[in-house]
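Trainee: So here's start_6.txt (compact mmCIF, C-alpha atoms).
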```txt
# COMPACT_ATOMS: atom_id res chain seq x y z
CA MET A 1 99.97 93.67 95.65
CA VAL A 2 97.68 96.57 96.56
CA TYR A 3 95.88 94.30 99.05
CA VAL A 4 99.12 93.35 100.79
CA ALA A 5 100.20 97.00 100.94
CA ALA A 6 96.81 98.03 102.36
CA ALA A 7 96.92 95.27 104.99
CA VAL A 8 100.44 96.27 106.03
CA LEU A 9 99.52 99.98 106.23
CA LEU A 10 96.37 99.30 108.26
CA PHE A 11 98.27 96.97 110.60
CA LEU A 12 101.09 99.49 111.09
CA GLY A 13 98.64 102.37 111.61
CA ASP A 14 96.76 100.35 114.21
CA GLN A 15 99.96 99.41 116.04
CA ALA A 16 101.34 102.97 115.89
CA LEU A 17 98.18 104.50 117.34
CA LYS A 18 98.05 101.85 120.08
CA LEU A 19 101.69 102.55 120.95
CA TRP A 20 101.08 106.30 121.04
CA VAL A 21 97.97 106.03 123.21
CA SER A 22 99.55 103.59 125.67
CA GLY A 23 102.66 105.79 125.91
CA ASN A 24 100.83 109.11 126.31
CA PHE A 25 97.68 108.31 128.28
CA ALA A 26 97.14 107.00 131.78
CA LEU A 27 94.85 103.98 131.92
CA PHE A 28 91.21 105.15 131.46
CA GLU A 29 92.35 108.71 130.68
CA THR A 30 90.21 110.45 128.07
CA ARG A 31 90.93 113.28 125.65
CA PRO A 32 88.71 114.92 123.07
CA PHE A 33 88.96 113.64 119.50
CA LEU A 34 85.72 114.67 117.78
CA PRO A 35 83.99 116.52 120.66
CA GLY A 36 80.47 115.31 121.37
CA PHE A 37 80.97 112.31 119.09
CA VAL A 38 84.19 110.37 119.82
CA GLU A 39 86.85 110.75 122.48
CA LEU A 40 90.14 108.93 122.93
CA LYS A 41 90.09 106.73 126.03
CA TYR A 42 92.91 104.35 126.92
CA VAL A 43 91.51 100.93 127.79
CA GLN A 44 93.19 97.54 128.12
CA ASN A 45 90.70 94.90 126.95
CA THR A 46 91.40 91.29 127.91
CA GLY A 47 88.27 90.13 126.07
CA GLY A 48 86.65 90.58 122.70
CA GLY A 49 83.89 93.01 121.74
CA TRP A 50 81.67 93.90 124.68
CA SER A 51 84.39 92.21 126.80
CA VAL A 52 83.18 88.77 125.70
CA LEU A 53 85.54 86.09 127.04
CA SER A 54 87.34 88.57 129.30
CA GLU A 55 90.40 87.06 130.92
CA HIS A 56 90.46 84.30 128.26
CA THR A 57 93.14 85.89 126.12
CA TRP A 58 94.59 82.50 125.17
CA LEU A 59 91.25 81.37 123.72
CA LEU A 60 90.72 84.62 121.82
CA SER A 61 94.29 84.38 120.51
CA LEU A 62 93.67 80.83 119.30
CA LEU A 63 90.36 81.75 117.65
CA THR A 64 91.91 84.79 116.00
CA ALA A 65 94.85 82.75 114.69
CA LEU A 66 92.43 80.15 113.26
CA ILE A 67 90.37 82.83 111.52
CA ILE A 68 93.50 84.45 110.11
CA ALA A 69 94.66 81.05 108.84
CA ALA A 70 91.25 80.34 107.27
CA VAL A 71 91.22 83.69 105.45
CA ALA A 72 94.80 83.10 104.28
CA VAL A 73 93.73 79.71 102.87
CA LEU A 74 90.83 81.37 101.02
CA LEU A 75 93.33 83.72 99.43
CA ALA A 76 96.11 81.20 98.78
CA ARG A 77 93.74 78.74 97.10
CA ARG A 78 92.18 81.61 95.13
CA ILE A 79 88.72 80.74 96.39
CA VAL A 80 88.12 84.47 96.76
CA ARG A 81 89.04 86.34 93.58
CA HIS A 82 86.57 89.22 93.25
CA PRO A 83 87.91 92.61 94.43
CA LEU A 84 85.16 93.06 97.03
CA GLY A 85 85.98 89.67 98.54
CA LEU A 86 89.70 90.47 98.42
CA TRP A 87 89.11 93.76 100.26
CA ALA A 88 87.02 91.93 102.86
CA CYS A 89 89.84 89.42 103.42
CA THR A 90 92.43 92.22 103.52
CA LEU A 91 90.56 94.08 106.24
CA ILE A 92 89.92 90.94 108.31
CA LEU A 93 93.59 89.94 108.09
CA ALA A 94 94.88 93.41 109.02
CA GLY A 95 92.50 93.75 111.96
CA GLY A 96 92.96 90.20 113.17
CA LEU A 97 96.73 90.53 113.10
CA GLY A 98 96.59 93.90 114.88
CA ASN A 99 94.62 92.51 117.80
CA LEU A 100 96.48 89.18 117.84
CA VAL A 101 99.83 90.95 118.16
CA ASP A 102 98.48 92.89 121.16
CA ARG A 103 97.16 89.77 122.85
CA LEU A 104 100.39 87.85 122.35
CA ARG A 105 102.68 90.76 123.23
CA LEU A 106 100.72 92.44 126.03
CA GLY A 107 98.07 89.97 127.20
CA TYR A 108 95.33 92.46 126.27
CA VAL A 109 94.21 94.64 123.36
CA VAL A 110 94.73 98.39 123.48
CA ASP A 111 91.46 100.19 122.68
CA MET A 112 90.99 103.94 122.38
CA PHE A 113 87.92 105.15 120.45
CA ASN A 114 84.93 105.83 122.69
CA PHE A 115 81.57 107.06 121.41
CA GLN A 116 80.24 109.84 123.63
CA PHE A 117 76.63 109.82 122.46
CA ILE A 118 75.82 106.13 123.02
CA THR A 119 76.97 103.33 125.28
CA PHE A 120 79.26 101.24 123.12
CA PRO A 121 82.50 99.33 123.73
CA VAL A 122 85.76 101.21 123.32
CA PHE A 123 87.43 100.04 120.09
CA ASN A 124 90.50 100.49 117.86
CA ILE A 125 91.53 100.57 114.20
CA ALA A 126 91.87 96.78 114.09
CA ASP A 127 88.30 96.41 115.32
CA MET A 128 87.08 98.79 112.62
CA CYS A 129 88.94 96.74 110.00
CA ILE A 130 87.39 93.50 111.25
CA VAL A 131 83.85 94.90 111.30
CA ALA A 132 84.20 96.53 107.87
CA GLY A 133 85.74 93.34 106.50
CA MET A 134 82.90 91.22 107.87
CA ILE A 135 80.29 93.54 106.37
CA LEU A 136 82.04 93.53 102.98
CA GLY A 137 82.47 89.76 103.27
CA ALA A 138 78.75 89.29 103.90
CA VAL A 139 77.85 91.49 100.92
CA TYR A 140 80.37 89.63 98.77
CA TYR A 141 79.11 86.20 99.79
CA LEU A 142 75.41 87.04 99.55
CA PHE A 143 75.46 88.97 96.27
CA ILE A 144 78.69 88.29 94.35
CA TYR A 145 80.32 84.97 95.22
CA ASP A 146 77.86 82.74 93.33
CA LYS A 147 78.13 84.91 90.22
CA THR A 148 81.91 85.25 90.11
CA ASP A 149 83.91 82.92 92.35
CA ALA A 150 81.79 79.85 93.10
CA PRO A 151 83.01 76.65 91.43
CA ARG A 152 81.08 75.75 88.29
CA LYS A 153 79.75 72.27 87.70
CA GLY A 154 82.72 69.97 87.05
CA GLU A 155 85.26 72.58 88.22
CA GLU A 156 87.46 71.92 91.24
CA ALA A 157 86.76 74.40 94.05
CA GLY A 158 89.17 77.28 94.40
CA ASN A 159 91.76 76.58 91.74
CA GLY A 160 90.37 78.91 89.08
CA ASP A 161 91.19 76.27 86.46
CA SER A 162 88.28 75.43 84.26
CA PRO A 163 88.31 74.60 80.57
CA SER A 164 87.36 78.22 79.84
CA ASP A 165 90.24 79.53 82.00
CA SER A 166 92.88 77.50 80.16
CA GLY A 167 91.69 78.50 76.71
CA GLN A 168 90.44 75.00 75.81
```
Any chance you could put this one into C-alpha cells?
Mentor:
Amino acid sequence: MVYVAAAVLLFLGDQALKLWVSGNFALFETRPFLPGFVELKYVQNTGGGWSVLSEHTWLLSLLTALIIAAVAVLLARRIVRHPLGLWACTLILAGGLGNLVDRLRLGYVVDMFNFQFITFPVFNIADMCIVAGMILGAVYYLFIYDKTDAPRKGEEAGNGDSPSDSGQ
C-alpha cells in the first residue's frame, strides 16, 4: 500500500508543479530556484530526453504505455517482490504516468528544471522519478534479483509459490 500511495503522491506532485509552471510562466521564461545551480524554465517538450523523437508524441506515448504495462505485469505477477525492486517499479510507474498524461492531454510534456552550471535538458519531477527508478532497477536486477526474486529450479516464474512458500 505504501508503494501505491508513493506513486500517487509523486504523480500528483508532478502534475501540480506542471500546472503551476504552465499557468504562471510564459513559454521559455526563467525564474531562480536554487541560484547558480537550478532555475525554473517553462519548456514544452514534444520529444523525450535530449528531445529524442521530437514531434513523435504518438510514438513516445505508445512506448511509455507499453513500459507502464510491462512494469504493472511485473508487479501483478509478483515477479518483483524485494522492496528495492518495488521502489524502482513505483518510481517508473509514477514518472511514466506523469509524462504520459501530459503527452495525451497536451501533446507535449511540461518541463521546468534547468541546470545553470552545465548544458543539460530541462526536466521535471516525472523525469527524476524515471531516472531514479531505472537506477534502482539496475541495482536491484544486478545485485538482488537472483538472490531474492528469481525463480528457483522447478518453480514457476513469478508466482511466489514454491514448496517452501506453501509450508510443504
Trainee: Measure the distance from atom CA of A:Phe123 to atom CA of A:Val2 in Å and round it to one decimal.
Mentor: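 The value is 25.9 Å.
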Trainee: Of the candidates A:Val8, A:Tyr145, A:Leu17, A:Lys153, which one gets nearest to A:His82 if we count all atoms listed in the file?
Mentor: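 Using all atoms listed in the file, A:His82 sits closest to A:Tyr145.
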Trainee: Would you mind telling me which residue in A:Leu60, A:Leu142, A:Cys129, A:Ile135 lies nearest to A:Thr90 when using all atoms listed in the file?
Mentor: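 Answer, going by the shortest atom-to-atom distance: A:Cys129.
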Trainee: Nearest to A:Trp50 among A:Asp111, A:Asp146, A:Leu27, A:Phe117, with distances taken over all atoms listed in the file: which residue is it?
Mentor: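 That would be A:Asp111, the residue with the smallest distance to A:Trp50.
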Trainee: Centre and edge lengths, as lines of an AutoDock Vina configuration file, for the axis-aligned box enclosing every listed atom of stretch 94-102 of chain A with 3 Å of padding on each of the six sides, in Å to one decimal?
Mentor:
```
center_x = 96.2
center_y = 91.5
center_z = 115.1
size_x = 13.3
size_y = 10.7
size_z = 18.1
```
Trainee: For A:Leu63, which residue among A:Ala7, A:Met112, A:Leu97, A:Ala88 is the nearest when counting all atoms listed in the file?
Mentor: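 Counting all atoms listed in the file, the residue closest to A:Leu63 is A:Leu97.
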Trainee: Of the residues A:Ala76, A:Val110, A:Ala132, A:Val4, which is the one nearest to A:Lys18, using all atoms listed in the file?
Mentor: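 Between A:Ala76, A:Val110, A:Ala132, A:Val4, the residue approaching A:Lys18 most closely is A:Val110.
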Trainee: Taking all atoms listed in the file into account, name the residue in A:Gln15, A:Thr119, A:Thr46, A:Thr30 that is nearest to A:Leu59.
Mentor: A:Thr46
Trainee: Fewer than 2 positions away in the same chain doesn't count, so skip those; otherwise give me all residues within 10 Å of stretch 33-35 of chain A, counting all atoms listed in the file, as a ChimeraX atom specification.
Mentor: /A:30-31,37-41,113-116
Trainee: May I have the residues from that selection written out with C-alpha atoms, as a short mmCIF file (atom, residue, chain, number, x, y, z; two decimals), keeping the file's coordinate frame?
Mentor:
```cif
data_model
loop_
_atom_site.label_atom_id
_atom_site.label_comp_id
_atom_site.auth_asym_id
_atom_site.auth_seq_id
_atom_site.Cartn_x
_atom_site.Cartn_y
_atom_site.Cartn_z
CA THR A 30 90.21 110.45 128.07
CA ARG A 31 90.93 113.28 125.65
CA PHE A 37 80.97 112.31 119.09
CA VAL A 38 84.19 110.37 119.82
CA GLU A 39 86.85 110.75 122.48
CA LEU A 40 90.14 108.93 122.93
CA LYS A 41 90.09 106.73 126.03
CA PHE A 113 87.92 105.15 120.45
CA ASN A 114 84.93 105.83 122.69
CA PHE A 115 81.57 107.06 121.41
CA GLN A 116 80.24 109.84 123.63
#
```
Trainee: Could you jot down the atom CA of A:Gly48 to atom CA of A:Ala5 separation for me, Å, one decimal place?
Mentor: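 Taking atom CA of A:Gly48 and atom CA of A:Ala5, their separation equals 26.4 Å.
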Trainee: Take the point (88.9, 90.6, 103.8) as written in the file and pick out every residue within 9 Å of it, counting all atoms listed in the file; give the list as a PDB file with C-alpha atoms, in the coordinates of the input.
Mentor:
```
ATOM      1  CA  VAL A  71      91.220  83.690 105.450  1.00  0.00           C
ATOM      2  CA  LEU A  84      85.160  93.060  97.030  1.00  0.00           C
ATOM      3  CA  GLY A  85      85.980  89.670  98.540  1.00  0.00           C
ATOM      4  CA  LEU A  86      89.700  90.470  98.420  1.00  0.00           C
ATOM      5  CA  TRP A  87      89.110  93.760 100.260  1.00  0.00           C
ATOM      6  CA  ALA A  88      87.020  91.930 102.860  1.00  0.00           C
ATOM      7  CA  CYS A  89      89.840  89.420 103.420  1.00  0.00           C
ATOM      8  CA  THR A  90      92.430  92.220 103.520  1.00  0.00           C
ATOM      9  CA  LEU A  91      90.560  94.080 106.240  1.00  0.00           C
ATOM     10  CA  ILE A  92      89.920  90.940 108.310  1.00  0.00           C
ATOM     11  CA  LEU A  93      93.590  89.940 108.090  1.00  0.00           C
ATOM     12  CA  ALA A  94      94.880  93.410 109.020  1.00  0.00           C
ATOM     13  CA  CYS A 129      88.940  96.740 110.000  1.00  0.00           C
ATOM     14  CA  ILE A 130      87.390  93.500 111.250  1.00  0.00           C
ATOM     15  CA  ALA A 132      84.200  96.530 107.870  1.00  0.00           C
ATOM     16  CA  GLY A 133      85.740  93.340 106.500  1.00  0.00           C
ATOM     17  CA  MET A 134      82.900  91.220 107.870  1.00  0.00           C
ATOM     18  CA  LEU A 136      82.040  93.530 102.980  1.00  0.00           C
ATOM     19  CA  GLY A 137      82.470  89.760 103.270  1.00  0.00           C
TER      20      GLY A 137
END
```
Trainee: What's around A:Asn45 at 12 Å? Count all atoms listed in the file, leave out sequence neighbours fewer than 5 positions away in its own chain, and write the answer as a PDB file with C-alpha atoms, in the coordinates of the input.
Mentor:
```
ATOM      1  CA  LEU A  27      94.850 103.980 131.920  1.00  0.00           C
ATOM      2  CA  PHE A  28      91.210 105.150 131.460  1.00  0.00           C
ATOM      3  CA  TRP A  50      81.670  93.900 124.680  1.00  0.00           C
ATOM      4  CA  SER A  51      84.390  92.210 126.800  1.00  0.00           C
ATOM      5  CA  VAL A  52      83.180  88.770 125.700  1.00  0.00           C
ATOM      6  CA  LEU A  53      85.540  86.090 127.040  1.00  0.00           C
ATOM      7  CA  SER A  54      87.340  88.570 129.300  1.00  0.00           C
ATOM      8  CA  GLU A  55      90.400  87.060 130.920  1.00  0.00           C
ATOM      9  CA  HIS A  56      90.460  84.300 128.260  1.00  0.00           C
ATOM     10  CA  THR A  57      93.140  85.890 126.120  1.00  0.00           C
ATOM     11  CA  LEU A  60      90.720  84.620 121.820  1.00  0.00           C
ATOM     12  CA  ASN A  99      94.620  92.510 117.800  1.00  0.00           C
ATOM     13  CA  ASP A 102      98.480  92.890 121.160  1.00  0.00           C
ATOM     14  CA  ARG A 103      97.160  89.770 122.850  1.00  0.00           C
ATOM     15  CA  LEU A 106     100.720  92.440 126.030  1.00  0.00           C
ATOM     16  CA  GLY A 107      98.070  89.970 127.200  1.00  0.00           C
ATOM     17  CA  TYR A 108      95.330  92.460 126.270  1.00  0.00           C
ATOM     18  CA  VAL A 109      94.210  94.640 123.360  1.00  0.00           C
ATOM     19  CA  VAL A 110      94.730  98.390 123.480  1.00  0.00           C
ATOM     20  CA  ASP A 111      91.460 100.190 122.680  1.00  0.00           C
ATOM     21  CA  MET A 112      90.990 103.940 122.380  1.00  0.00           C
ATOM     22  CA  PRO A 121      82.500  99.330 123.730  1.00  0.00           C
ATOM     23  CA  VAL A 122      85.760 101.210 123.320  1.00  0.00           C
ATOM     24  CA  PHE A 123      87.430 100.040 120.090  1.00  0.00           C
ATOM     25  CA  ASN A 124      90.500 100.490 117.860  1.00  0.00           C
ATOM     26  CA  ASP A 127      88.300  96.410 115.320  1.00  0.00           C
TER      27      ASP A 127
END
```
Trainee: Quote the spacing between atom CA of A:Leu104 and atom CA of A:Gln44 in Å to one decimal place.
Mentor: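 A separation of 13.4 Å between them.
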